[in-house]
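Participant: Got run.cif for you, mmCIF, N, CA, C and O atoms:
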```cif
data_query
loop_
_atom_site.label_atom_id
_atom_site.label_comp_id
_atom_site.auth_asym_id
_atom_site.auth_seq_id
_atom_site.Cartn_x
_atom_site.Cartn_y
_atom_site.Cartn_z
N MET A 285 -15.00 -32.52 138.62
CA MET A 285 -15.70 -31.97 137.47
C MET A 285 -14.85 -30.85 136.87
O MET A 285 -14.42 -29.94 137.56
N THR A 286 -14.62 -30.91 135.58
CA THR A 286 -13.79 -29.92 134.90
C THR A 286 -14.67 -28.96 134.11
O THR A 286 -15.55 -29.38 133.37
N GLU A 287 -14.42 -27.69 134.31
CA GLU A 287 -15.18 -26.66 133.60
C GLU A 287 -14.58 -26.47 132.20
O GLU A 287 -13.37 -26.40 132.04
N GLN A 288 -15.44 -26.42 131.21
CA GLN A 288 -14.98 -26.19 129.84
C GLN A 288 -14.62 -24.71 129.68
O GLN A 288 -15.34 -23.84 130.15
N THR A 289 -13.51 -24.45 129.02
CA THR A 289 -13.14 -23.06 128.73
C THR A 289 -12.70 -22.96 127.27
O THR A 289 -12.36 -23.95 126.64
N VAL A 290 -12.74 -21.74 126.79
CA VAL A 290 -12.34 -21.43 125.43
C VAL A 290 -11.21 -20.40 125.51
O VAL A 290 -11.34 -19.40 126.21
N ALA A 291 -10.11 -20.66 124.81
CA ALA A 291 -9.00 -19.70 124.76
C ALA A 291 -8.85 -19.20 123.33
O ALA A 291 -8.76 -20.00 122.40
N VAL A 292 -8.87 -17.88 123.17
CA VAL A 292 -8.72 -17.28 121.85
C VAL A 292 -7.64 -16.21 121.95
O VAL A 292 -7.61 -15.42 122.89
N THR A 293 -6.75 -16.18 120.96
CA THR A 293 -5.71 -15.16 120.91
C THR A 293 -6.06 -14.15 119.83
O THR A 293 -6.38 -14.52 118.70
N TYR A 294 -6.03 -12.88 120.22
CA TYR A 294 -6.34 -11.78 119.31
C TYR A 294 -5.08 -10.97 119.04
O TYR A 294 -4.19 -10.90 119.89
N GLN A 295 -5.03 -10.32 117.89
CA GLN A 295 -3.93 -9.41 117.55
C GLN A 295 -4.43 -7.99 117.79
O GLN A 295 -5.48 -7.61 117.27
N VAL A 296 -3.69 -7.23 118.60
CA VAL A 296 -4.08 -5.87 118.97
C VAL A 296 -2.94 -4.92 118.63
O VAL A 296 -1.77 -5.22 118.92
N THR A 297 -3.25 -3.79 118.01
CA THR A 297 -2.21 -2.81 117.69
C THR A 297 -2.23 -1.67 118.70
O THR A 297 -3.27 -1.33 119.26
N GLY A 298 -1.05 -1.09 118.92
CA GLY A 298 -0.94 0.09 119.76
C GLY A 298 -0.38 -0.15 121.14
O GLY A 298 -0.01 0.80 121.83
N MET A 299 -0.30 -1.40 121.60
CA MET A 299 0.23 -1.67 122.94
C MET A 299 1.76 -1.55 122.89
O MET A 299 2.39 -2.09 122.00
N SER A 300 2.34 -0.84 123.88
CA SER A 300 3.79 -0.68 123.88
C SER A 300 4.44 -0.89 125.24
O SER A 300 5.66 -0.86 125.34
N CYS A 301 3.63 -1.10 126.29
CA CYS A 301 4.22 -1.20 127.62
C CYS A 301 3.31 -2.00 128.57
O CYS A 301 2.20 -2.39 128.20
N ALA A 302 3.78 -2.20 129.79
CA ALA A 302 3.00 -2.95 130.78
C ALA A 302 1.69 -2.23 131.11
O ALA A 302 0.68 -2.89 131.37
N HIS A 303 1.70 -0.90 131.10
CA HIS A 303 0.47 -0.16 131.37
C HIS A 303 -0.57 -0.46 130.29
O HIS A 303 -1.76 -0.60 130.57
N CYS A 304 -0.13 -0.53 129.04
CA CYS A 304 -1.02 -0.87 127.93
C CYS A 304 -1.62 -2.26 128.14
O CYS A 304 -2.83 -2.47 127.98
N GLU A 305 -0.76 -3.22 128.51
CA GLU A 305 -1.23 -4.58 128.78
C GLU A 305 -2.29 -4.58 129.86
O GLU A 305 -3.31 -5.25 129.75
N GLY A 306 -2.06 -3.80 130.92
CA GLY A 306 -3.01 -3.72 132.03
C GLY A 306 -4.33 -3.13 131.62
O GLY A 306 -5.39 -3.60 132.05
N SER A 307 -4.29 -2.09 130.78
CA SER A 307 -5.53 -1.45 130.32
C SER A 307 -6.38 -2.42 129.51
O SER A 307 -7.59 -2.54 129.73
N VAL A 308 -5.74 -3.14 128.59
CA VAL A 308 -6.45 -4.10 127.75
C VAL A 308 -6.99 -5.24 128.62
O VAL A 308 -8.15 -5.65 128.51
N SER A 309 -6.15 -5.75 129.51
CA SER A 309 -6.56 -6.85 130.39
C SER A 309 -7.74 -6.46 131.26
O SER A 309 -8.68 -7.24 131.44
N SER A 310 -7.70 -5.25 131.80
CA SER A 310 -8.77 -4.78 132.67
C SER A 310 -10.11 -4.71 131.93
O SER A 310 -11.14 -5.17 132.44
N GLU A 311 -10.10 -4.13 130.74
CA GLU A 311 -11.34 -4.00 129.96
C GLU A 311 -11.89 -5.38 129.57
O GLU A 311 -13.09 -5.63 129.67
N LEU A 312 -11.01 -6.27 129.10
CA LEU A 312 -11.47 -7.59 128.67
C LEU A 312 -11.92 -8.45 129.85
O LEU A 312 -12.86 -9.23 129.72
N SER A 313 -11.28 -8.28 131.00
CA SER A 313 -11.66 -9.05 132.19
C SER A 313 -13.07 -8.71 132.65
O SER A 313 -13.72 -9.51 133.33
N ALA A 314 -13.55 -7.53 132.29
CA ALA A 314 -14.89 -7.09 132.68
C ALA A 314 -16.00 -7.75 131.86
O ALA A 314 -17.17 -7.70 132.23
N LEU A 315 -15.63 -8.40 130.74
CA LEU A 315 -16.64 -9.06 129.91
C LEU A 315 -17.18 -10.30 130.63
O LEU A 315 -16.42 -11.01 131.27
N PRO A 316 -18.48 -10.56 130.52
CA PRO A 316 -19.07 -11.73 131.17
C PRO A 316 -18.43 -13.04 130.71
O PRO A 316 -18.23 -13.24 129.51
N GLY A 317 -18.07 -13.89 131.67
CA GLY A 317 -17.53 -15.20 131.34
C GLY A 317 -16.03 -15.27 131.22
O GLY A 317 -15.46 -16.35 131.15
N VAL A 318 -15.35 -14.10 131.20
CA VAL A 318 -13.90 -14.10 131.04
C VAL A 318 -13.24 -14.47 132.38
O VAL A 318 -13.54 -13.88 133.41
N SER A 319 -12.34 -15.46 132.34
CA SER A 319 -11.67 -15.90 133.57
C SER A 319 -10.19 -15.53 133.59
O SER A 319 -9.59 -15.47 134.66
N GLU A 320 -9.61 -15.27 132.42
CA GLU A 320 -8.18 -14.95 132.37
C GLU A 320 -7.88 -14.16 131.10
O GLU A 320 -8.44 -14.43 130.04
N VAL A 321 -6.98 -13.17 131.24
CA VAL A 321 -6.51 -12.40 130.08
C VAL A 321 -5.00 -12.27 130.19
O VAL A 321 -4.48 -11.94 131.25
N LYS A 322 -4.30 -12.56 129.09
CA LYS A 322 -2.85 -12.36 129.06
C LYS A 322 -2.53 -11.51 127.85
O LYS A 322 -2.68 -11.95 126.71
N ALA A 323 -2.10 -10.28 128.10
CA ALA A 323 -1.73 -9.35 127.03
C ALA A 323 -0.21 -9.23 127.00
O ALA A 323 0.43 -9.10 128.03
N VAL A 324 0.35 -9.28 125.78
CA VAL A 324 1.81 -9.16 125.61
C VAL A 324 2.07 -8.02 124.61
O VAL A 324 1.82 -8.17 123.42
N ALA A 325 2.54 -6.90 125.13
CA ALA A 325 2.75 -5.71 124.30
C ALA A 325 3.77 -5.96 123.19
O ALA A 325 3.59 -5.49 122.06
N SER A 326 4.83 -6.71 123.47
CA SER A 326 5.89 -6.90 122.49
C SER A 326 5.42 -7.64 121.23
O SER A 326 5.95 -7.42 120.15
N THR A 327 4.41 -8.50 121.38
CA THR A 327 3.90 -9.24 120.21
C THR A 327 2.54 -8.71 119.74
O THR A 327 2.11 -9.03 118.64
N GLY A 328 1.88 -7.93 120.60
CA GLY A 328 0.55 -7.43 120.27
C GLY A 328 -0.53 -8.49 120.43
O GLY A 328 -1.66 -8.30 120.00
N GLU A 329 -0.16 -9.61 121.07
CA GLU A 329 -1.13 -10.69 121.23
C GLU A 329 -1.81 -10.62 122.59
O GLU A 329 -1.18 -10.36 123.61
N VAL A 330 -3.12 -10.87 122.56
CA VAL A 330 -3.92 -10.90 123.78
C VAL A 330 -4.69 -12.21 123.77
O VAL A 330 -5.49 -12.45 122.88
N THR A 331 -4.42 -13.05 124.78
CA THR A 331 -5.12 -14.33 124.89
C THR A 331 -6.20 -14.19 125.96
O THR A 331 -5.92 -13.75 127.07
N VAL A 332 -7.41 -14.57 125.58
CA VAL A 332 -8.56 -14.45 126.48
C VAL A 332 -9.12 -15.85 126.73
O VAL A 332 -9.42 -16.57 125.78
N VAL A 333 -9.24 -16.22 128.00
CA VAL A 333 -9.85 -17.49 128.38
C VAL A 333 -11.23 -17.18 128.94
O VAL A 333 -11.37 -16.34 129.83
N SER A 334 -12.25 -17.85 128.39
CA SER A 334 -13.62 -17.58 128.83
C SER A 334 -14.41 -18.89 128.90
O SER A 334 -14.00 -19.91 128.36
N ALA A 335 -15.56 -18.82 129.56
CA ALA A 335 -16.41 -19.99 129.74
C ALA A 335 -17.07 -20.40 128.43
O ALA A 335 -17.41 -21.56 128.24
N ALA A 336 -17.25 -19.45 127.52
CA ALA A 336 -17.88 -19.72 126.23
C ALA A 336 -17.27 -18.76 125.21
O ALA A 336 -16.67 -17.76 125.59
N PRO A 337 -17.41 -19.05 123.92
CA PRO A 337 -16.88 -18.13 122.91
C PRO A 337 -17.45 -16.71 123.10
O PRO A 337 -18.63 -16.55 123.40
N LEU A 338 -16.59 -15.72 122.94
CA LEU A 338 -17.01 -14.32 123.12
C LEU A 338 -17.45 -13.73 121.79
O LEU A 338 -16.94 -14.10 120.73
N ASP A 339 -18.36 -12.80 121.86
CA ASP A 339 -18.80 -12.05 120.69
C ASP A 339 -17.65 -11.12 120.28
O ASP A 339 -17.17 -10.33 121.10
N GLU A 340 -17.20 -11.23 119.04
CA GLU A 340 -16.05 -10.42 118.61
C GLU A 340 -16.34 -8.92 118.69
O GLU A 340 -15.44 -8.13 118.96
N ASP A 341 -17.60 -8.51 118.49
CA ASP A 341 -17.94 -7.08 118.63
C ASP A 341 -17.73 -6.61 120.06
O ASP A 341 -17.28 -5.48 120.30
N ALA A 342 -18.04 -7.47 121.04
CA ALA A 342 -17.84 -7.11 122.45
C ALA A 342 -16.35 -7.01 122.76
O ALA A 342 -15.91 -6.10 123.49
N VAL A 343 -15.56 -7.91 122.20
CA VAL A 343 -14.10 -7.88 122.40
C VAL A 343 -13.54 -6.61 121.77
O VAL A 343 -12.75 -5.89 122.38
N ARG A 344 -13.98 -6.30 120.55
CA ARG A 344 -13.53 -5.09 119.85
C ARG A 344 -13.88 -3.83 120.66
O ARG A 344 -13.04 -2.94 120.82
N ALA A 345 -15.09 -3.78 121.19
CA ALA A 345 -15.52 -2.62 121.98
C ALA A 345 -14.67 -2.46 123.24
O ALA A 345 -14.29 -1.33 123.60
N ALA A 346 -14.35 -3.56 123.89
CA ALA A 346 -13.54 -3.49 125.11
C ALA A 346 -12.13 -3.00 124.79
O ALA A 346 -11.57 -2.18 125.52
N ILE A 347 -11.56 -3.50 123.71
CA ILE A 347 -10.21 -3.08 123.31
C ILE A 347 -10.22 -1.61 122.88
O ILE A 347 -9.31 -0.86 123.21
N ASP A 348 -11.26 -1.20 122.15
CA ASP A 348 -11.40 0.22 121.77
C ASP A 348 -11.48 1.10 123.02
O ASP A 348 -10.88 2.17 123.07
N GLU A 349 -12.24 0.64 124.02
CA GLU A 349 -12.41 1.40 125.27
C GLU A 349 -11.05 1.60 125.96
O GLU A 349 -10.81 2.63 126.58
N ALA A 350 -10.17 0.60 125.82
CA ALA A 350 -8.83 0.70 126.42
C ALA A 350 -7.91 1.61 125.60
O ALA A 350 -6.82 1.94 126.03
N GLY A 351 -8.35 1.97 124.38
CA GLY A 351 -7.56 2.88 123.56
C GLY A 351 -6.71 2.20 122.51
O GLY A 351 -5.77 2.80 121.98
N PHE A 352 -7.04 0.95 122.17
CA PHE A 352 -6.25 0.20 121.20
C PHE A 352 -7.16 -0.35 120.12
O PHE A 352 -8.37 -0.20 120.19
N GLU A 353 -6.57 -1.01 119.13
CA GLU A 353 -7.36 -1.49 118.00
C GLU A 353 -7.21 -3.00 117.83
O GLU A 353 -6.09 -3.52 117.79
N LEU A 354 -8.35 -3.67 117.72
CA LEU A 354 -8.36 -5.11 117.46
C LEU A 354 -8.14 -5.31 115.97
O LEU A 354 -8.89 -4.80 115.14
N VAL A 355 -7.10 -6.09 115.62
CA VAL A 355 -6.84 -6.40 114.22
C VAL A 355 -7.67 -7.63 113.83
O VAL A 355 -8.24 -7.68 112.75
N GLY A 356 -7.72 -8.59 114.73
CA GLY A 356 -8.47 -9.82 114.48
C GLY A 356 -7.88 -10.93 115.31
O GLY A 356 -7.05 -10.71 116.18
N LYS A 357 -8.31 -12.16 115.01
CA LYS A 357 -7.75 -13.30 115.73
C LYS A 357 -6.35 -13.57 115.22
O LYS A 357 -6.08 -13.47 114.03
N ALA A 358 -5.46 -13.89 116.14
CA ALA A 358 -4.05 -14.15 115.78
C ALA A 358 -3.88 -15.54 115.20
O ALA A 358 -4.67 -16.40 115.42
#
```
What would the structure in this file look like if it were written as structure tokens?
Facilitator:
Amino acid sequence: MTEQTVAVTYQVTGMSCAHCEGSVSSELSALPGVSEVKAVASTGEVTVVSAAPLDEDAVRAAIDEAGFELVGKA
């Protein structure tokens, strides 16, 4: 049995290092249903894999909590 997942890539400003990637990943990983987060500081892209589509306001709040800004979907 294969579990359905949704992968969405977001554009985030302000990330400049591995610590930044970790902060964003940590906050987004705490959202319900999230199974994987890959943040890349050099491109500003954050890919989130979840069991169902995430509420963009919740994603924005998590990224804000990490100290960065969500630009939108990449």
Participant: Leu312 of chain A: which residues within 7 Å, counting only C-alpha atoms, same-chain residues fewer than 3 positions away excluded, as a list in words?
Facilitator: Val308, Ser309, Leu315, Val343 and Ala346 of chain A
Participant: Print the selection's residues with N, CA, C and O atoms to a file, as a PDB file, keeping the file's coordinate frame.
Facilitator:
```pdb
ATOM      1  N   VAL A 308      -5.740  -3.140 128.590  1.00  0.00           N
ATOM      2  CA  VAL A 308      -6.450  -4.100 127.750  1.00  0.00           C
ATOM      3  C   VAL A 308      -6.990  -5.240 128.620  1.00  0.00           C
ATOM      4  O   VAL A 308      -8.150  -5.650 128.510  1.00  0.00           O
ATOM      5  N   SER A 309      -6.150  -5.750 129.510  1.00  0.00           N
ATOM      6  CA  SER A 309      -6.560  -6.850 130.390  1.00  0.00           C
ATOM      7  C   SER A 309      -7.740  -6.460 131.260  1.00  0.00           C
ATOM      8  O   SER A 309      -8.680  -7.240 131.440  1.00  0.00           O
ATOM      9  N   LEU A 315     -15.630  -8.400 130.740  1.00  0.00           N
ATOM     10  CA  LEU A 315     -16.640  -9.060 129.910  1.00  0.00           C
ATOM     11  C   LEU A 315     -17.180 -10.300 130.630  1.00  0.00           C
ATOM     12  O   LEU A 315     -16.420 -11.010 131.270  1.00  0.00           O
ATOM     13  N   VAL A 343     -15.560  -7.910 122.200  1.00  0.00           N
ATOM     14  CA  VAL A 343     -14.100  -7.880 122.400  1.00  0.00           C
ATOM     15  C   VAL A 343     -13.540  -6.610 121.770  1.00  0.00           C
ATOM     16  O   VAL A 343     -12.750  -5.890 122.380  1.00  0.00           O
ATOM     17  N   ALA A 346     -14.350  -3.560 123.890  1.00  0.00           N
ATOM     18  CA  ALA A 346     -13.540  -3.490 125.110  1.00  0.00           C
ATOM     19  C   ALA A 346     -12.130  -3.000 124.790  1.00  0.00           C
ATOM     20  O   ALA A 346     -11.570  -2.180 125.520  1.00  0.00           O
TER      21      ALA A 346
END
```
Participant: Which distance in Å separates atom CA of Glu353 of chain A and atom CA of Gly298 of chain A, to one decimal?
Facilitator: 6.8 Å
Participant: According to DSSP computed on the backbone, where in chain A is there alpha helix (DSSP H)? Give the residues as a count of residues only.
Facilitator: 23
Participant: Enumerate the residues of chain A with a DSSP assignment of strand (DSSP E), computed from the backbone, and present them as a list of chain:residue names.
Facilitator: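 Selection result, strand (DSSP E) within chain A: A:Val290, A:Ala291, A:Val292, A:Thr293, A:Tyr294, A:Gln295, A:Val296, A:Thr297, A:Val318, A:Ser319, A:Glu320, A:Val321, A:Lys322, A:Ala323, A:Val324, A:Glu329, A:Val330, A:Thr331, A:Val332, A:Val333, A:Ser334, A:Glu353, A:Leu354, A:Val355, A:Gly356, A:Lys357.
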Participant: Generate a file of the selected residues that holds N, CA, C and O atoms, formatted as a compact mmCIF listing (two decimals), in the coordinates of the input.
Facilitator:
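Saved file part30.txt follows:
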```txt
# COMPACT_ATOMS: atom_id res chain seq x y z
N VAL A 290 -12.74 -21.74 126.79
CA VAL A 290 -12.34 -21.43 125.43
C VAL A 290 -11.21 -20.40 125.51
O VAL A 290 -11.34 -19.40 126.21
N ALA A 291 -10.11 -20.66 124.81
CA ALA A 291 -9.00 -19.70 124.76
C ALA A 291 -8.85 -19.20 123.33
O ALA A 291 -8.76 -20.00 122.40
N VAL A 292 -8.87 -17.88 123.17
CA VAL A 292 -8.72 -17.28 121.85
C VAL A 292 -7.64 -16.21 121.95
O VAL A 292 -7.61 -15.42 122.89
N THR A 293 -6.75 -16.18 120.96
CA THR A 293 -5.71 -15.16 120.91
C THR A 293 -6.06 -14.15 119.83
O THR A 293 -6.38 -14.52 118.70
N TYR A 294 -6.03 -12.88 120.22
CA TYR A 294 -6.34 -11.78 119.31
C TYR A 294 -5.08 -10.97 119.04
O TYR A 294 -4.19 -10.90 119.89
N GLN A 295 -5.03 -10.32 117.89
CA GLN A 295 -3.93 -9.41 117.55
C GLN A 295 -4.43 -7.99 117.79
O GLN A 295 -5.48 -7.61 117.27
N VAL A 296 -3.69 -7.23 118.60
CA VAL A 296 -4.08 -5.87 118.97
C VAL A 296 -2.94 -4.92 118.63
O VAL A 296 -1.77 -5.22 118.92
N THR A 297 -3.25 -3.79 118.01
CA THR A 297 -2.21 -2.81 117.69
C THR A 297 -2.23 -1.67 118.70
O THR A 297 -3.27 -1.33 119.26
N VAL A 318 -15.35 -14.10 131.20
CA VAL A 318 -13.90 -14.10 131.04
C VAL A 318 -13.24 -14.47 132.38
O VAL A 318 -13.54 -13.88 133.41
N SER A 319 -12.34 -15.46 132.34
CA SER A 319 -11.67 -15.90 133.57
C SER A 319 -10.19 -15.53 133.59
O SER A 319 -9.59 -15.47 134.66
N GLU A 320 -9.61 -15.27 132.42
CA GLU A 320 -8.18 -14.95 132.37
C GLU A 320 -7.88 -14.16 131.10
O GLU A 320 -8.44 -14.43 130.04
N VAL A 321 -6.98 -13.17 131.24
CA VAL A 321 -6.51 -12.40 130.08
C VAL A 321 -5.00 -12.27 130.19
O VAL A 321 -4.48 -11.94 131.25
N LYS A 322 -4.30 -12.56 129.09
CA LYS A 322 -2.85 -12.36 129.06
C LYS A 322 -2.53 -11.51 127.85
O LYS A 322 -2.68 -11.95 126.71
N ALA A 323 -2.10 -10.28 128.10
CA ALA A 323 -1.73 -9.35 127.03
C ALA A 323 -0.21 -9.23 127.00
O ALA A 323 0.43 -9.10 128.03
N VAL A 324 0.35 -9.28 125.78
CA VAL A 324 1.81 -9.16 125.61
C VAL A 324 2.07 -8.02 124.61
O VAL A 324 1.82 -8.17 123.42
N GLU A 329 -0.16 -9.61 121.07
CA GLU A 329 -1.13 -10.69 121.23
C GLU A 329 -1.81 -10.62 122.59
O GLU A 329 -1.18 -10.36 123.61
N VAL A 330 -3.12 -10.87 122.56
CA VAL A 330 -3.92 -10.90 123.78
C VAL A 330 -4.69 -12.21 123.77
O VAL A 330 -5.49 -12.45 122.88
N THR A 331 -4.42 -13.05 124.78
CA THR A 331 -5.12 -14.33 124.89
C THR A 331 -6.20 -14.19 125.96
O THR A 331 -5.92 -13.75 127.07
N VAL A 332 -7.41 -14.57 125.58
CA VAL A 332 -8.56 -14.45 126.48
C VAL A 332 -9.12 -15.85 126.73
O VAL A 332 -9.42 -16.57 125.78
N VAL A 333 -9.24 -16.22 128.00
CA VAL A 333 -9.85 -17.49 128.38
C VAL A 333 -11.23 -17.18 128.94
O VAL A 333 -11.37 -16.34 129.83
N SER A 334 -12.25 -17.85 128.39
CA SER A 334 -13.62 -17.58 128.83
C SER A 334 -14.41 -18.89 128.90
O SER A 334 -14.00 -19.91 128.36
N GLU A 353 -6.57 -1.01 119.13
CA GLU A 353 -7.36 -1.49 118.00
C GLU A 353 -7.21 -3.00 117.83
O GLU A 353 -6.09 -3.52 117.79
N LEU A 354 -8.35 -3.67 117.72
CA LEU A 354 -8.36 -5.11 117.46
C LEU A 354 -8.14 -5.31 115.97
O LEU A 354 -8.89 -4.80 115.14
N VAL A 355 -7.10 -6.09 115.62
CA VAL A 355 -6.84 -6.40 114.22
C VAL A 355 -7.67 -7.63 113.83
O VAL A 355 -8.24 -7.68 112.75
N GLY A 356 -7.72 -8.59 114.73
CA GLY A 356 -8.47 -9.82 114.48
C GLY A 356 -7.88 -10.93 115.31
O GLY A 356 -7.05 -10.71 116.18
N LYS A 357 -8.31 -12.16 115.01
CA LYS A 357 -7.75 -13.30 115.73
C LYS A 357 -6.35 -13.57 115.22
O LYS A 357 -6.08 -13.47 114.03
```
Participant: Interatomic distance between atom C of Cys304 of chain A and atom N of Gln288 of chain A?
Facilitator: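 Spanning atom C of Cys304 of chain A to atom N of Gln288 of chain A is a straight-line distance of 28.0 Å.
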Participant: Produce the centre coordinates and the three edge lengths, each in Å to one decimal, of the box along x, y and z that contains all listed atoms of segment 306-315 of chain A with 6 Å added on each side, as lines of an AutoDock Vina configuration file.
Facilitator:
```
center_x = -9.6
center_y = -6.2
center_z = 130.5
size_x = 27.1
size_y = 21.6
size_z = 17.6
```
Participant: I'd like to know which of A:Gly317, A:Lys357, A:Ala325, A:Ser300 is closest to Pro337 of chain A, using only N, CA, C and O atoms.
Facilitator: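 Smallest separation from Pro337 of chain A among the options: A:Gly317.
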Participant: May I have the residues within 8 Å of Ala302 of chain A as a compact mmCIF listing (two decimals) with N, CA, C and O atoms, in the coordinates of the input, using all atoms listed in the file and disregarding those fewer than 3 positions away in the same chain?
Facilitator:
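around.txt written:
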```
# COMPACT_ATOMS: atom_id res chain seq x y z
N MET A 299 -0.30 -1.40 121.60
CA MET A 299 0.23 -1.67 122.94
C MET A 299 1.76 -1.55 122.89
O MET A 299 2.39 -2.09 122.00
N GLU A 305 -0.76 -3.22 128.51
CA GLU A 305 -1.23 -4.58 128.78
C GLU A 305 -2.29 -4.58 129.86
O GLU A 305 -3.31 -5.25 129.75
N GLY A 306 -2.06 -3.80 130.92
CA GLY A 306 -3.01 -3.72 132.03
C GLY A 306 -4.33 -3.13 131.62
O GLY A 306 -5.39 -3.60 132.05
N SER A 307 -4.29 -2.09 130.78
CA SER A 307 -5.53 -1.45 130.32
C SER A 307 -6.38 -2.42 129.51
O SER A 307 -7.59 -2.54 129.73
N VAL A 308 -5.74 -3.14 128.59
CA VAL A 308 -6.45 -4.10 127.75
C VAL A 308 -6.99 -5.24 128.62
O VAL A 308 -8.15 -5.65 128.51
N SER A 309 -6.15 -5.75 129.51
CA SER A 309 -6.56 -6.85 130.39
C SER A 309 -7.74 -6.46 131.26
O SER A 309 -8.68 -7.24 131.44
N ALA A 323 -2.10 -10.28 128.10
CA ALA A 323 -1.73 -9.35 127.03
C ALA A 323 -0.21 -9.23 127.00
O ALA A 323 0.43 -9.10 128.03
N VAL A 324 0.35 -9.28 125.78
CA VAL A 324 1.81 -9.16 125.61
C VAL A 324 2.07 -8.02 124.61
O VAL A 324 1.82 -8.17 123.42
N ALA A 325 2.54 -6.90 125.13
CA ALA A 325 2.75 -5.71 124.30
C ALA A 325 3.77 -5.96 123.19
O ALA A 325 3.59 -5.49 122.06
N SER A 326 4.83 -6.71 123.47
CA SER A 326 5.89 -6.90 122.49
C SER A 326 5.42 -7.64 121.23
O SER A 326 5.95 -7.42 120.15
```
Participant: Of the candidates A:Gln295, A:Ala345, A:His303, A:Leu354, which one gets nearest to Gly328 of chain A if we count only C-alpha atoms?
Facilitator: A:Gln295
Participant: Given the choices A:Val290, A:Val296, A:Ala350, A:Cys301, which gets closest to Glu329 of chain A if the distance is worked out from only N, CA, C and O atoms?
Facilitator: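 Nearest candidate to Glu329 of chain A out of A:Val290, A:Val296, A:Ala350, A:Cys301: A:Val296.
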Participant: Quick one: everything within 7 Å of Pro316 of chain A, counting all atoms listed in the file, minus sequence neighbours fewer than 3 positions away in the same chain. Send it as a ChimeraX atom specification.
Facilitator: /A:312-313,319,334-338
Participant: Atom O of Glu349 of chain A and atom CA of Val332 of chain A, how far apart in Å?
Facilitator: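 One can read the atom CA of Val332 of chain A to atom O of Glu349 of chain A distance as 17.2 Å.
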Participant: Once the PyMOL selection byres ((chain A and resi 320) around 4.5) has been applied to the shown file, what residues remain in the selection, as a VMD selection string?
Facilitator: chain A and resid 318 to 319 321 to 322 331 to 333
Participant: Please determine, counting all atoms listed in the file, which residue among A:Asp348, A:Ala314, A:Val355, A:Val330 has the shortest atom-to-atom distance to Ala291 of chain A.
Facilitator: A:Val330
